[in-house]
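So this block is final.cif, mmCIF, C-alpha atoms:
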data_upload
#
loop_
_atom_site.label_atom_id
_atom_site.label_comp_id
_atom_site.auth_asym_id
_atom_site.auth_seq_id
_atom_site.Cartn_x
_atom_site.Cartn_y
_atom_site.Cartn_z
CA MET A 9 1.00 20.85 -18.33
CA LEU A 10 4.24 19.13 -17.36
CA SER A 11 6.08 20.58 -20.33
CA GLN A 12 4.59 24.04 -19.68
CA LEU A 13 5.45 24.11 -16.00
CA GLY A 14 8.97 22.82 -16.45
CA ASP A 15 11.26 20.81 -14.23
CA ASP A 16 9.80 22.04 -10.96
CA ALA A 17 6.47 20.35 -11.59
CA LYS A 18 5.60 16.95 -10.18
CA LEU A 19 2.68 14.60 -10.63
CA LEU A 20 0.61 13.62 -7.60
CA ALA A 21 -0.96 10.14 -7.68
CA GLY A 22 -1.87 8.53 -4.34
CA GLY A 23 0.53 10.83 -2.52
CA GLN A 24 1.46 8.26 0.12
CA SER A 25 5.16 8.67 -0.64
CA LEU A 26 5.31 12.10 -2.23
CA ILE A 27 3.46 14.00 0.51
CA PRO A 28 5.66 12.57 3.31
CA LEU A 29 8.74 13.38 1.19
CA MET A 30 7.49 16.93 0.74
CA LYS A 31 6.98 17.32 4.48
CA LEU A 32 10.61 16.30 4.98
CA ARG A 33 11.60 18.77 2.23
CA PHE A 34 13.22 15.91 0.32
CA ALA A 35 10.85 16.82 -2.47
CA ASN A 36 10.12 20.47 -3.04
CA PRO A 37 8.11 20.84 -6.24
CA ALA A 38 6.97 24.31 -7.22
CA HIS A 39 3.90 22.82 -8.91
CA LEU A 40 1.91 19.71 -8.14
CA ILE A 41 -0.43 18.29 -10.76
CA ASP A 42 -3.08 16.16 -9.09
CA LEU A 43 -4.03 13.20 -11.29
CA ASN A 44 -6.80 12.03 -8.97
CA PHE A 45 -9.58 13.97 -10.66
CA ILE A 46 -8.96 12.40 -14.09
CA ALA A 47 -11.72 9.89 -14.76
CA GLY A 48 -11.00 6.43 -16.11
CA THR A 49 -7.52 6.02 -14.64
CA SER A 50 -8.46 3.34 -12.15
CA TYR A 51 -9.33 -0.04 -13.62
CA ILE A 52 -8.26 -3.67 -13.93
CA HIS A 53 -8.92 -5.20 -17.35
CA ASN A 54 -8.34 -8.83 -18.17
CA ALA A 55 -7.79 -9.36 -21.90
CA ASN A 56 -5.53 -11.43 -24.14
CA SER A 57 -3.90 -13.29 -21.24
CA ALA A 58 -2.74 -10.04 -19.69
CA LEU A 59 -3.98 -7.85 -16.87
CA ARG A 60 -4.05 -4.14 -17.59
CA PHE A 61 -4.00 -1.85 -14.59
CA GLY A 62 -5.00 1.79 -14.79
CA PRO A 63 -2.20 3.95 -13.38
CA LEU A 64 -4.29 5.19 -10.46
CA THR A 65 -5.64 1.79 -9.48
CA ARG A 66 -5.37 1.76 -5.69
CA HIS A 67 -3.65 -1.09 -3.87
CA ALA A 68 -6.94 -1.72 -2.04
CA GLU A 69 -8.82 -2.11 -5.34
CA ILE A 70 -6.37 -4.80 -6.41
CA GLU A 71 -6.55 -6.45 -2.98
CA ASN A 72 -10.35 -6.57 -3.15
CA SER A 73 -10.65 -7.57 -6.82
CA ASP A 74 -11.10 -11.13 -8.08
CA ILE A 75 -7.44 -11.36 -9.14
CA PRO A 76 -6.09 -12.79 -5.89
CA ALA A 77 -7.59 -16.22 -6.42
CA ARG A 78 -5.84 -16.52 -9.78
CA ILE A 79 -2.54 -14.74 -9.20
CA PRO A 80 -1.76 -15.01 -5.49
CA ILE A 81 1.54 -13.12 -5.71
CA LEU A 82 -0.33 -9.98 -6.74
CA TYR A 83 -2.61 -10.36 -3.75
CA ASP A 84 0.37 -10.89 -1.40
CA CYS A 85 1.68 -7.56 -2.62
CA ALA A 86 -1.53 -5.53 -2.78
CA ALA A 87 -2.82 -6.71 0.60
CA GLY A 88 0.54 -6.36 2.31
CA ILE A 89 1.50 -2.80 1.43
CA ALA A 90 1.50 -0.64 4.57
CA ASP A 91 -2.00 -0.46 6.09
CA VAL A 92 -5.64 -0.04 5.07
CA GLN A 93 -5.43 3.75 4.98
CA VAL A 94 -2.37 3.81 2.73
CA ARG A 95 -3.76 1.07 0.47
CA ASN A 96 -6.95 3.12 0.04
CA ARG A 97 -4.89 5.94 -1.49
CA GLY A 98 -1.64 4.53 -2.88
CA THR A 99 -1.56 3.48 -6.54
CA ILE A 100 0.27 0.88 -8.62
CA GLY A 101 1.35 3.46 -11.21
CA GLY A 102 2.59 5.84 -8.54
CA SER A 103 4.56 3.09 -6.85
CA LEU A 104 6.42 2.24 -10.07
CA ALA A 105 6.94 5.87 -11.10
CA GLU A 106 8.29 6.68 -7.63
CA ALA A 107 10.84 3.81 -7.90
CA ASP A 108 11.53 3.81 -4.18
CA PRO A 109 14.20 1.16 -3.44
CA SER A 110 11.86 -0.21 -0.77
CA GLY A 111 8.69 -0.17 -2.90
CA ASP A 112 6.79 -3.47 -3.13
CA TRP A 113 5.29 -3.49 -6.63
CA ALA A 114 8.58 -3.31 -8.53
CA VAL A 115 9.82 -6.43 -6.72
CA VAL A 116 6.72 -8.50 -7.40
CA LEU A 117 6.22 -7.33 -10.98
CA SER A 118 9.90 -8.11 -11.76
CA THR A 119 9.01 -11.80 -11.45
CA LEU A 120 6.18 -11.51 -14.00
CA ALA A 121 6.34 -10.23 -17.57
CA THR A 122 5.45 -6.59 -16.94
CA GLN A 123 5.34 -3.63 -19.27
CA VAL A 124 4.81 -0.01 -18.38
CA ARG A 125 3.02 2.20 -20.85
CA CYS A 126 4.33 5.77 -20.84
CA LEU A 127 2.28 8.60 -22.28
CA GLY A 128 3.77 11.93 -23.34
CA LYS A 129 3.34 14.77 -25.77
CA ASN A 130 4.66 12.59 -28.58
CA GLY A 131 2.36 9.68 -27.94
CA GLU A 132 2.52 6.45 -26.02
CA ARG A 133 5.39 3.97 -25.75
CA THR A 134 5.80 0.66 -23.98
CA VAL A 135 8.79 -0.01 -21.75
CA HIS A 136 9.69 -3.31 -20.11
CA LEU A 137 9.73 -2.99 -16.34
CA LYS A 138 13.40 -3.97 -16.21
CA ASP A 139 14.21 -1.01 -18.45
CA PHE A 140 11.66 1.28 -16.79
CA ILE A 141 13.25 1.35 -13.35
CA GLN A 142 16.81 2.54 -13.84
CA ASP A 143 18.00 3.48 -10.38
CA ALA A 144 16.72 4.57 -7.00
CA TYR A 145 13.92 7.10 -7.63
CA THR A 146 14.87 7.11 -11.32
CA THR A 147 12.77 5.74 -14.16
CA ALA A 148 12.73 5.83 -17.94
CA LEU A 149 9.95 8.43 -17.84
CA ALA A 150 10.82 11.65 -19.64
CA HIS A 151 9.94 14.79 -17.72
CA ASP A 152 6.78 15.30 -19.75
CA GLU A 153 5.65 11.68 -19.59
CA LEU A 154 3.45 9.79 -17.17
CA VAL A 155 2.58 6.15 -16.58
CA SER A 156 -0.63 5.48 -18.48
CA GLU A 157 -1.02 1.73 -17.87
CA VAL A 158 0.72 -1.25 -16.29
CA VAL A 159 0.41 -4.47 -18.28
CA VAL A 160 1.16 -7.78 -16.58
CA ASP A 161 1.12 -11.12 -18.40
CA ILE A 162 -0.95 -13.69 -16.55
CA PRO A 163 1.38 -16.53 -15.50
CA ALA A 164 0.77 -19.86 -17.24
CA LYS A 165 -1.34 -22.52 -15.58
CA GLY A 166 0.75 -24.58 -13.18
CA SER A 167 2.81 -21.58 -12.23
CA GLY A 168 2.87 -20.46 -8.61
CA GLY A 169 4.26 -17.47 -6.81
CA ALA A 170 4.65 -15.82 -3.45
CA TYR A 171 5.78 -12.47 -2.09
CA LEU A 172 7.03 -12.12 1.46
CA ALA A 173 8.12 -8.94 3.17
CA PHE A 174 9.61 -8.65 6.62
CA LYS A 175 8.49 -5.50 8.40
CA ARG A 176 8.93 -3.95 11.83
CA ALA A 177 5.31 -2.76 11.75
CA ALA A 178 2.54 -2.52 9.17
CA PRO A 179 2.91 1.15 8.12
CA VAL A 180 6.67 1.04 7.48
CA TYR A 181 8.63 -0.09 4.47
CA PRO A 182 9.92 -3.66 4.69
CA THR A 183 13.39 -4.43 6.01
CA ALA A 184 13.75 -6.90 3.14
CA SER A 185 11.39 -8.70 0.78
CA ALA A 186 11.45 -11.54 -1.73
CA ALA A 187 9.23 -12.47 -4.67
CA VAL A 188 9.28 -15.90 -6.33
CA GLN A 189 7.27 -17.06 -9.32
CA LEU A 190 7.97 -20.59 -10.56
CA THR A 191 6.67 -23.43 -12.70
CA MET A 192 6.93 -27.03 -11.55
CA ASP A 193 7.21 -30.37 -13.35
CA GLY A 194 6.63 -32.94 -10.63
CA ASN A 195 9.16 -32.09 -7.94
CA VAL A 196 11.46 -30.38 -10.40
CA CYS A 197 11.39 -26.64 -10.89
CA LYS A 198 11.04 -25.99 -14.61
CA ASP A 199 11.39 -22.24 -14.52
CA ALA A 200 11.78 -19.60 -11.85
CA ALA A 201 11.91 -15.85 -11.41
CA ILE A 202 13.28 -14.45 -8.15
CA ALA A 203 13.42 -10.79 -7.15
CA LEU A 204 14.68 -9.16 -3.97
CA GLY A 205 13.45 -5.90 -2.43
CA CYS A 206 14.99 -3.31 -0.09
CA VAL A 207 18.47 -4.78 -0.52
CA GLY A 208 19.72 -2.55 -3.33
CA LEU A 209 19.01 0.70 -5.13
CA THR A 210 16.30 -1.05 -7.17
CA ALA A 211 14.53 -4.38 -7.00
CA ILE A 212 17.20 -7.00 -7.72
CA LYS A 213 16.56 -9.83 -10.15
CA ALA A 214 18.58 -12.65 -8.57
CA LYS A 215 19.69 -14.42 -11.75
CA ASP A 216 22.17 -16.79 -10.07
CA ALA A 217 19.52 -17.79 -7.57
CA GLU A 218 17.10 -18.47 -10.44
CA ALA A 219 19.76 -20.61 -12.16
CA ALA A 220 20.32 -22.55 -8.92
CA LEU A 221 16.62 -23.40 -8.84
CA ARG A 222 15.88 -24.01 -12.53
CA GLY A 223 15.93 -27.69 -13.49
CA ARG A 224 16.51 -28.83 -9.90
CA PRO A 225 14.35 -30.88 -7.57
CA ILE A 226 13.02 -28.97 -4.56
CA SER A 227 15.31 -30.29 -1.86
CA GLU A 228 17.14 -28.93 1.15
CA ARG A 229 20.29 -28.84 -0.95
CA THR A 230 18.64 -26.82 -3.72
CA LEU A 231 17.01 -24.40 -1.27
CA SER A 232 20.33 -23.79 0.49
CA ALA A 233 22.07 -23.11 -2.82
CA VAL A 234 19.31 -20.73 -3.95
CA ALA A 235 19.30 -18.88 -0.63
CA GLU A 236 23.09 -18.57 -0.79
CA ALA A 237 22.91 -17.16 -4.33
CA ALA A 238 20.19 -14.72 -3.24
CA ARG A 239 22.33 -13.52 -0.33
CA ALA A 240 25.22 -12.99 -2.74
CA ALA A 241 22.98 -11.03 -5.14
CA ALA A 242 21.80 -8.68 -2.39
CA ASP A 243 23.61 -5.40 -1.99
CA PRO A 244 22.01 -3.91 1.13
CA GLN A 245 22.98 -0.84 3.11
CA SER A 246 23.02 -0.61 6.88
CA ASP A 247 20.35 1.74 8.17
CA MET A 248 17.79 2.10 10.94
CA ARG A 249 16.00 -1.03 9.69
CA GLY A 250 19.03 -3.24 10.16
CA SER A 251 22.66 -3.85 9.28
CA ALA A 252 23.71 -4.95 5.81
CA ASP A 253 24.64 -8.41 7.14
CA TYR A 254 21.29 -8.78 8.86
CA LYS A 255 19.39 -7.85 5.70
CA ARG A 256 21.46 -10.23 3.60
CA THR A 257 20.73 -13.10 5.95
CA LEU A 258 17.07 -12.12 6.10
CA VAL A 259 16.58 -11.96 2.35
CA GLY A 260 18.04 -15.48 1.96
CA ALA A 261 15.55 -16.81 4.49
CA LEU A 262 12.67 -14.99 2.80
CA VAL A 263 13.58 -16.45 -0.61
CA ARG A 264 13.70 -19.94 0.85
CA ARG A 265 10.31 -19.53 2.49
CA ALA A 266 8.76 -17.89 -0.59
CA ILE A 267 9.90 -20.84 -2.74
CA THR A 268 8.21 -23.40 -0.51
CA ILE A 269 4.96 -21.42 -0.62
CA ALA A 270 5.22 -20.88 -4.40
CA VAL A 271 5.73 -24.62 -4.91
CA ARG A 272 2.62 -25.46 -2.91
CA ARG A 273 0.61 -22.88 -4.81
CA ALA A 274 1.92 -24.20 -8.15
CA ARG A 275 0.44 -27.56 -7.11
CA GLY A 276 -2.90 -25.86 -6.67
CA GLU A 277 -2.85 -25.61 -2.89
CA HIS A 278 -4.44 -22.57 -1.35
CA VAL A 279 -1.82 -21.03 0.90
CA GLU A 280 -2.52 -17.82 2.70
CA VAL A 281 0.51 -15.67 3.29
CA SER A 282 0.89 -12.65 5.41
CA HIS A 283 3.92 -10.49 5.80
CA LEU A 284 6.22 -11.22 8.69
CA TYR A 285 6.68 -8.82 11.56
CA ALA A 286 9.62 -8.33 13.85
CA MET B 17 -3.49 32.14 -3.56
CA ASN B 18 -6.43 30.35 -2.00
CA VAL B 19 -8.54 27.88 -3.90
CA PRO B 20 -12.31 27.50 -3.52
CA MET B 21 -13.58 24.03 -2.70
CA LYS B 22 -16.74 22.29 -1.55
CA VAL B 23 -16.69 19.39 0.81
CA THR B 24 -19.34 17.54 2.79
CA VAL B 25 -18.16 16.85 6.31
CA ASN B 26 -20.36 14.73 8.56
CA GLY B 27 -23.31 15.37 6.26
CA LYS B 28 -22.89 19.14 6.15
CA LEU B 29 -21.75 20.90 2.97
CA HIS B 30 -19.03 23.48 3.41
CA ALA B 31 -17.80 25.99 0.82
CA LEU B 32 -14.25 26.90 1.74
CA ASP B 33 -11.25 28.81 0.50
CA VAL B 34 -8.05 26.96 1.31
CA GLU B 35 -4.39 27.25 0.57
CA PRO B 36 -3.52 24.52 -1.96
CA ARG B 37 -0.77 23.20 0.31
CA MET B 38 -3.08 22.87 3.33
CA LEU B 39 -3.41 19.27 4.51
CA LEU B 40 -6.85 17.73 4.92
CA VAL B 41 -6.28 17.31 8.66
CA GLU B 42 -5.45 21.01 9.00
CA MET B 43 -8.63 21.95 7.18
CA VAL B 44 -10.72 19.68 9.39
CA ARG B 45 -9.14 20.90 12.62
CA GLU B 46 -8.43 24.55 11.93
CA GLN B 47 -11.05 25.66 9.43
CA LEU B 48 -13.93 23.52 10.63
CA ASP B 49 -12.88 23.34 14.31
CA LEU B 50 -13.40 19.58 14.35
CA THR B 51 -10.55 18.85 16.70
CA GLY B 52 -11.50 15.23 17.37
CA THR B 53 -9.26 14.29 14.44
CA HIS B 54 -5.77 14.23 15.89
CA VAL B 55 -2.28 14.73 14.55
CA GLY B 56 0.09 12.17 16.02
CA CYS B 57 3.19 11.53 13.96
CA ASP B 58 2.48 13.62 10.85
CA THR B 59 4.51 11.01 8.89
CA THR B 60 1.79 8.63 7.59
CA TYR B 61 2.53 6.16 10.38
CA CYS B 62 0.28 6.44 13.40
CA GLY B 63 -3.26 6.78 12.02
CA ALA B 64 -4.44 9.25 14.70
CA CYS B 65 -5.61 11.48 11.82
CA THR B 66 -7.73 8.76 10.17
CA VAL B 67 -10.99 9.99 8.62
CA LEU B 68 -13.30 8.39 6.08
CA LEU B 69 -13.09 9.77 2.55
CA ASN B 70 -16.16 8.60 0.65
CA GLY B 71 -16.35 5.70 3.11
CA ALA B 72 -12.69 4.67 2.90
CA ALA B 73 -10.27 5.20 5.79
CA VAL B 74 -7.44 7.56 4.90
CA LYS B 75 -4.72 9.36 6.81
CA SER B 76 -5.80 12.98 6.60
CA CYS B 77 -2.23 14.16 7.21
CA THR B 78 -1.25 12.57 3.89
CA MET B 79 -3.73 14.28 1.62
CA PHE B 80 -4.19 17.88 0.62
CA ALA B 81 -7.47 19.49 1.59
CA VAL B 82 -8.18 20.47 -2.04
CA GLN B 83 -8.07 16.78 -2.97
CA ALA B 84 -11.28 16.34 -0.97
CA ASP B 85 -13.12 18.77 -3.27
CA GLY B 86 -16.54 17.23 -3.91
CA ALA B 87 -15.96 14.41 -1.45
CA GLU B 88 -17.75 13.24 1.67
CA ILE B 89 -15.67 13.17 4.81
CA THR B 90 -16.63 11.50 8.07
CA THR B 91 -14.78 12.47 11.23
CA VAL B 92 -15.29 11.19 14.76
CA GLU B 93 -17.75 14.04 15.36
CA GLY B 94 -19.97 12.53 12.67
CA LEU B 95 -20.42 9.22 14.49
CA GLU B 96 -22.88 10.44 17.12
CA LYS B 97 -26.47 10.83 15.89
CA ASP B 98 -29.14 12.88 17.72
CA GLY B 99 -27.22 12.83 20.97
CA GLN B 100 -26.85 9.04 20.81
CA LEU B 101 -23.39 7.53 20.68
CA HIS B 102 -22.65 5.39 17.64
CA PRO B 103 -22.53 1.65 18.50
CA ILE B 104 -18.78 1.75 17.84
CA GLN B 105 -18.31 4.61 20.30
CA LYS B 106 -20.45 2.81 22.86
CA ALA B 107 -18.48 -0.41 22.41
CA PHE B 108 -15.12 1.33 22.86
CA GLY B 109 -16.43 2.72 26.15
CA ASP B 110 -18.09 -0.47 27.36
CA ALA B 111 -15.11 -2.70 26.52
CA TYR B 112 -12.52 -0.23 27.83
CA GLY B 113 -11.05 0.00 24.32
CA LEU B 114 -9.23 3.20 25.17
CA GLN B 115 -7.08 4.77 27.80
CA CYS B 116 -5.74 8.22 26.97
CA GLY B 117 -8.02 8.44 23.97
CA TYR B 118 -5.63 10.12 21.56
CA CYS B 119 -5.71 7.31 18.98
CA THR B 120 -9.37 6.45 19.59
CA PRO B 121 -11.04 8.58 16.89
CA GLY B 122 -8.78 7.01 14.27
CA LEU B 123 -9.34 3.51 15.61
CA MET B 124 -13.10 4.00 15.55
CA LEU B 125 -13.10 5.22 11.97
CA SER B 126 -10.93 2.29 10.85
CA THR B 127 -13.45 0.07 12.67
CA LEU B 128 -16.29 1.79 10.82
CA GLN B 129 -14.76 1.03 7.42
CA LEU B 130 -14.21 -2.60 8.45
CA LEU B 131 -17.76 -3.10 9.75
CA SER B 132 -19.31 -1.43 6.73
CA GLU B 133 -17.60 -4.04 4.53
CA ASN B 134 -17.58 -7.04 6.84
CA LYS B 135 -20.35 -7.53 9.39
CA GLN B 136 -18.71 -10.53 11.05
CA PRO B 137 -14.97 -9.94 11.10
CA ASP B 138 -12.72 -12.50 12.76
CA GLU B 139 -9.69 -11.52 14.81
CA LYS B 140 -7.40 -11.58 11.79
CA ASP B 141 -9.71 -9.22 9.88
CA MET B 142 -9.82 -6.88 12.85
CA ARG B 143 -6.06 -6.86 13.37
CA LYS B 144 -5.55 -6.15 9.67
CA ALA B 145 -8.10 -3.31 9.76
CA ILE B 146 -6.29 -1.47 12.57
CA ALA B 147 -2.71 -2.25 11.53
CA GLY B 148 -2.38 1.40 10.53
CA ASN B 149 -3.51 2.75 13.90
CA THR B 150 -0.93 3.02 16.65
CA CYS B 151 -2.06 2.89 20.28
CA ARG B 152 0.55 3.35 22.98
CA CYS B 153 -1.73 2.62 25.97
CA THR B 154 -4.02 -0.34 25.51
CA GLY B 155 -1.83 -3.03 23.96
CA TYR B 156 -4.76 -3.46 21.53
CA GLN B 157 -6.44 -6.33 23.40
CA ASN B 158 -9.33 -4.23 24.64
CA VAL B 159 -9.51 -2.46 21.29
CA LEU B 160 -10.12 -5.85 19.66
CA LYS B 161 -12.75 -6.65 22.29
CA ALA B 162 -14.40 -3.31 21.58
CA MET B 163 -14.40 -3.99 17.84
CA GLN B 164 -15.96 -7.41 18.43
CA LEU B 165 -18.60 -5.86 20.68
CA ALA B 166 -19.30 -3.17 18.10
CA ALA B 167 -19.77 -5.83 15.42
CA GLN B 168 -22.28 -7.63 17.67
CA ASN B 169 -24.12 -4.42 18.50
CA MET B 170 -24.36 -3.44 14.86
CA LYS B 171 -25.74 -6.76 13.66
CA GLY B 172 -29.03 -6.14 11.93
CA ALA B 173 -28.24 -2.45 11.74
#

Target encoding structure tokens, full file:
Amino acid sequence: MLSQLGDDAKLLAGGQSLIPLMKLRFANPAHLIDLNFIAGTSYIHNANSALRFGPLTRHAEIENSDIPARIPILYDCAAGIADVQVRNRGTIGGSLAEADPSGDWAVVLSTLATQVRCLGKNGERTVHLKDFIQDAYTTALAHDELVSEVVVDIPAKGSGGAYLAFKRAAPVYPTASAAVQLTMDGNVCKDAAIALGCVGLTAIKAKDAEAALRGRPISERTLSAVAEAARAAADPQSDMRGSADYKRTLVGALVRRAITIAVRRARGEHVEVSHLYA
Amino acid sequence: MNVPMKVTVNGKLHALDVEPRMLLVEMVREQLDLTGTHVGCDTTYCGACTVLLNGAAVKSCTMFAVQADGAEITTVEGLEKDGQLHPIQKAFGDAYGLQCGYCTPGLMLSTLQLLSENKQPDEKDMRKAIAGNTCRCTGYQNVLKAMQLAAQNMKGA
């Protein structure tokens, strides 16, 4: 249908971003193709040490599944997006395909090994998340392709993660957010992935911050260095949610806090996290 | 070009012809005259338009009416049964969980989803359940009391 209808056609998943954008006339598609009536697009499969999410799996389904106990960072994300009503409609595939700079899933999934399966007229292909999201609202999807599955490798045992978003209120996009997934060896961080949200055109993988954490003991000195590197990696814009300086400071603090929670979780502690509100 | 659709609203099946771009809240208010569902912000923020779609709370301003084809919708008008207020409605009155009342239908439907999944919610559960409903009068304290009272009243129901 997409190839028949041409460039003016758009796919409708949960609609929690697209419909508001259409009301503002930022999106003005001539044709909308509703994916919600296609059976079998909402599922969570656990096989071969990977989780496979159907493209229309709702945030609420992930929040209420048995995943949270095993991969807390996914729960932090699923349970923290907007509010109950939005989570009942919004989908993981739609969030990635939308590629909103303030979207939550892209940030969290950047810290895990994530692949996006794209289905089109010429068959299915698999794209790494880092190659999938190319720019703000821009993905590797061809016009006649859609997201058919999101595949996330289950982190190794002894790995812990956390996702923290700072929001002015539940229904709004975060002002800034940080995702950390790390593996510990005693008090030393063996490996770490750090991603920042809402402080650039896409989720930012903070490589210097990761390097400042990898192989180091978790100490005040390390945390300060990592937070500093995260602030440097951020490239925020001033807007109604806050000034660029404010967001940069905020994202450093979020990274620091997310690391301490991730470390505790890596040790097997149960730590409940909720997003922070202004 | 209108599109035919069938939808069950508050237990009653309706066969309708709607414009594809019509929002669910417009269908509920303008085609079915169920004006208890309110439009507050029309930007997916305030939750005044909350209805239940197959039991799940959704913002009816952020869904097209045709997407509810074949679905069951509950609006605030569907809470009352045989002239008797629903325990949630009664609790919101008894605990003064409303002032101007504009947000109240949405708050009650969010409460209904919560209590259908969790019979004994704690304060955190309740706050999370209504995080998508904005109230500019009450400061939420009496809303939480009303939700607690509703949970008590519905025990064993």

Would you tabulate, counting only C-alpha atoms, all residues of chain B that have an atom at most 8 Å from an atom of chain A, showing the closest pair of atoms and their distance in Å to one decimal, sorted by chain then ascending number, as CSV?
residue,atom,partner,partner_atom,distance
B:Thr59,CA,A:Pro28,CA,5.9
B:Thr60,CA,A:Pro28,CA,7.0
B:Tyr61,CA,A:Pro179,CA,5.5
B:Cys62,CA,A:Pro179,CA,7.9
B:Gly63,CA,A:Gln93,CA,8.0
B:Thr66,CA,A:Gln93,CA,7.6
B:Ala72,CA,A:Asn96,CA,6.6
B:Ala73,CA,A:Gln93,CA,5.1
B:Val74,CA,A:Gln93,CA,4.3
B:Lys75,CA,A:Gln93,CA,5.9
B:Thr78,CA,A:Ile27,CA,6.0
B:Met79,CA,A:Gly23,CA,6.9
B:Gln83,CA,A:Asn44,CA,7.8
B:Lys144,CA,A:Asp91,CA,7.6
B:Ala145,CA,A:Val92,CA,6.2
B:Ile146,CA,A:Val92,CA,7.7
B:Ala147,CA,A:Ala178,CA,5.8
B:Gly148,CA,A:Asp91,CA,4.8

Residues returned when the PyMOL selection byres ((chain B and resi 92) around 7) runs on this file, as a count of residues only
9

Quick check, in Å to one decimal: how far apart do CA of Asn130 in chain A and CA of Leu10 in chain A lie?
13.0 Å

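Taking CA of His151 in chain A and CA of Lys213 in chain A as the two end points, the separation is 26.6 Å.
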
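Picture a line from CA of Gly194 in chain A to CA of Leu117 in chain A; it runs 25.6 Å.
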
Given the PyMOL selection byres ((chain A and resi 275-286) around 10), the residues it picks as number ranges by chain:
A: 77, 80-81, 83-85, 87-89, 165-168, 170-178, 182-183, 185, 191-195, 262, 266, 269-274

Could you list, as a count of residues only, every residue matched by the PyMOL selection byres ((chain B and resi 168) around 12) in this structure?
22

With all atoms listed in the file counted, which protein, DNA or RNA residues have an atom no more than 12 Å from (7.3, 19.6, -11.7) in the file frame? Please answer as a PDB file with C-alpha atoms, keeping the file's coordinate frame.
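File produced: result-v3.pdb:
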ATOM      1  CA  MET A   9       1.000  20.850 -18.330  1.00  0.00           C
ATOM      2  CA  LEU A  10       4.240  19.130 -17.360  1.00  0.00           C
ATOM      3  CA  SER A  11       6.080  20.580 -20.330  1.00  0.00           C
ATOM      4  CA  GLN A  12       4.590  24.040 -19.680  1.00  0.00           C
ATOM      5  CA  LEU A  13       5.450  24.110 -16.000  1.00  0.00           C
ATOM      6  CA  GLY A  14       8.970  22.820 -16.450  1.00  0.00           C
ATOM      7  CA  ASP A  15      11.260  20.810 -14.230  1.00  0.00           C
ATOM      8  CA  ASP A  16       9.800  22.040 -10.960  1.00  0.00           C
ATOM      9  CA  ALA A  17       6.470  20.350 -11.590  1.00  0.00           C
ATOM     10  CA  LYS A  18       5.600  16.950 -10.180  1.00  0.00           C
ATOM     11  CA  LEU A  19       2.680  14.600 -10.630  1.00  0.00           C
ATOM     12  CA  LEU A  20       0.610  13.620  -7.600  1.00  0.00           C
ATOM     13  CA  ALA A  35      10.850  16.820  -2.470  1.00  0.00           C
ATOM     14  CA  ASN A  36      10.120  20.470  -3.040  1.00  0.00           C
ATOM     15  CA  PRO A  37       8.110  20.840  -6.240  1.00  0.00           C
ATOM     16  CA  ALA A  38       6.970  24.310  -7.220  1.00  0.00           C
ATOM     17  CA  HIS A  39       3.900  22.820  -8.910  1.00  0.00           C
ATOM     18  CA  LEU A  40       1.910  19.710  -8.140  1.00  0.00           C
ATOM     19  CA  ILE A  41      -0.430  18.290 -10.760  1.00  0.00           C
ATOM     20  CA  ASP A  42      -3.080  16.160  -9.090  1.00  0.00           C
ATOM     21  CA  ALA A 150      10.820  11.650 -19.640  1.00  0.00           C
ATOM     22  CA  HIS A 151       9.940  14.790 -17.720  1.00  0.00           C
ATOM     23  CA  ASP A 152       6.780  15.300 -19.750  1.00  0.00           C
ATOM     24  CA  GLU A 153       5.650  11.680 -19.590  1.00  0.00           C
ATOM     25  CA  LEU A 154       3.450   9.790 -17.170  1.00  0.00           C
TER      26      LEU A 154
END

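The residue that comes closest to Lys22 in chain B, out of B:Cys116, B:Leu68, B:Ala84, B:Met43 and on the basis of all atoms listed in the file, is B:Ala84.
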
With a distance cut-off of 10 Å and only C-alpha atoms, select the neighbouring residues of range 228-242 of chain A, excluding the residue or stretch itself and same-chain residues fewer than 3 positions from it, and output the selection as a count of residues only.
39
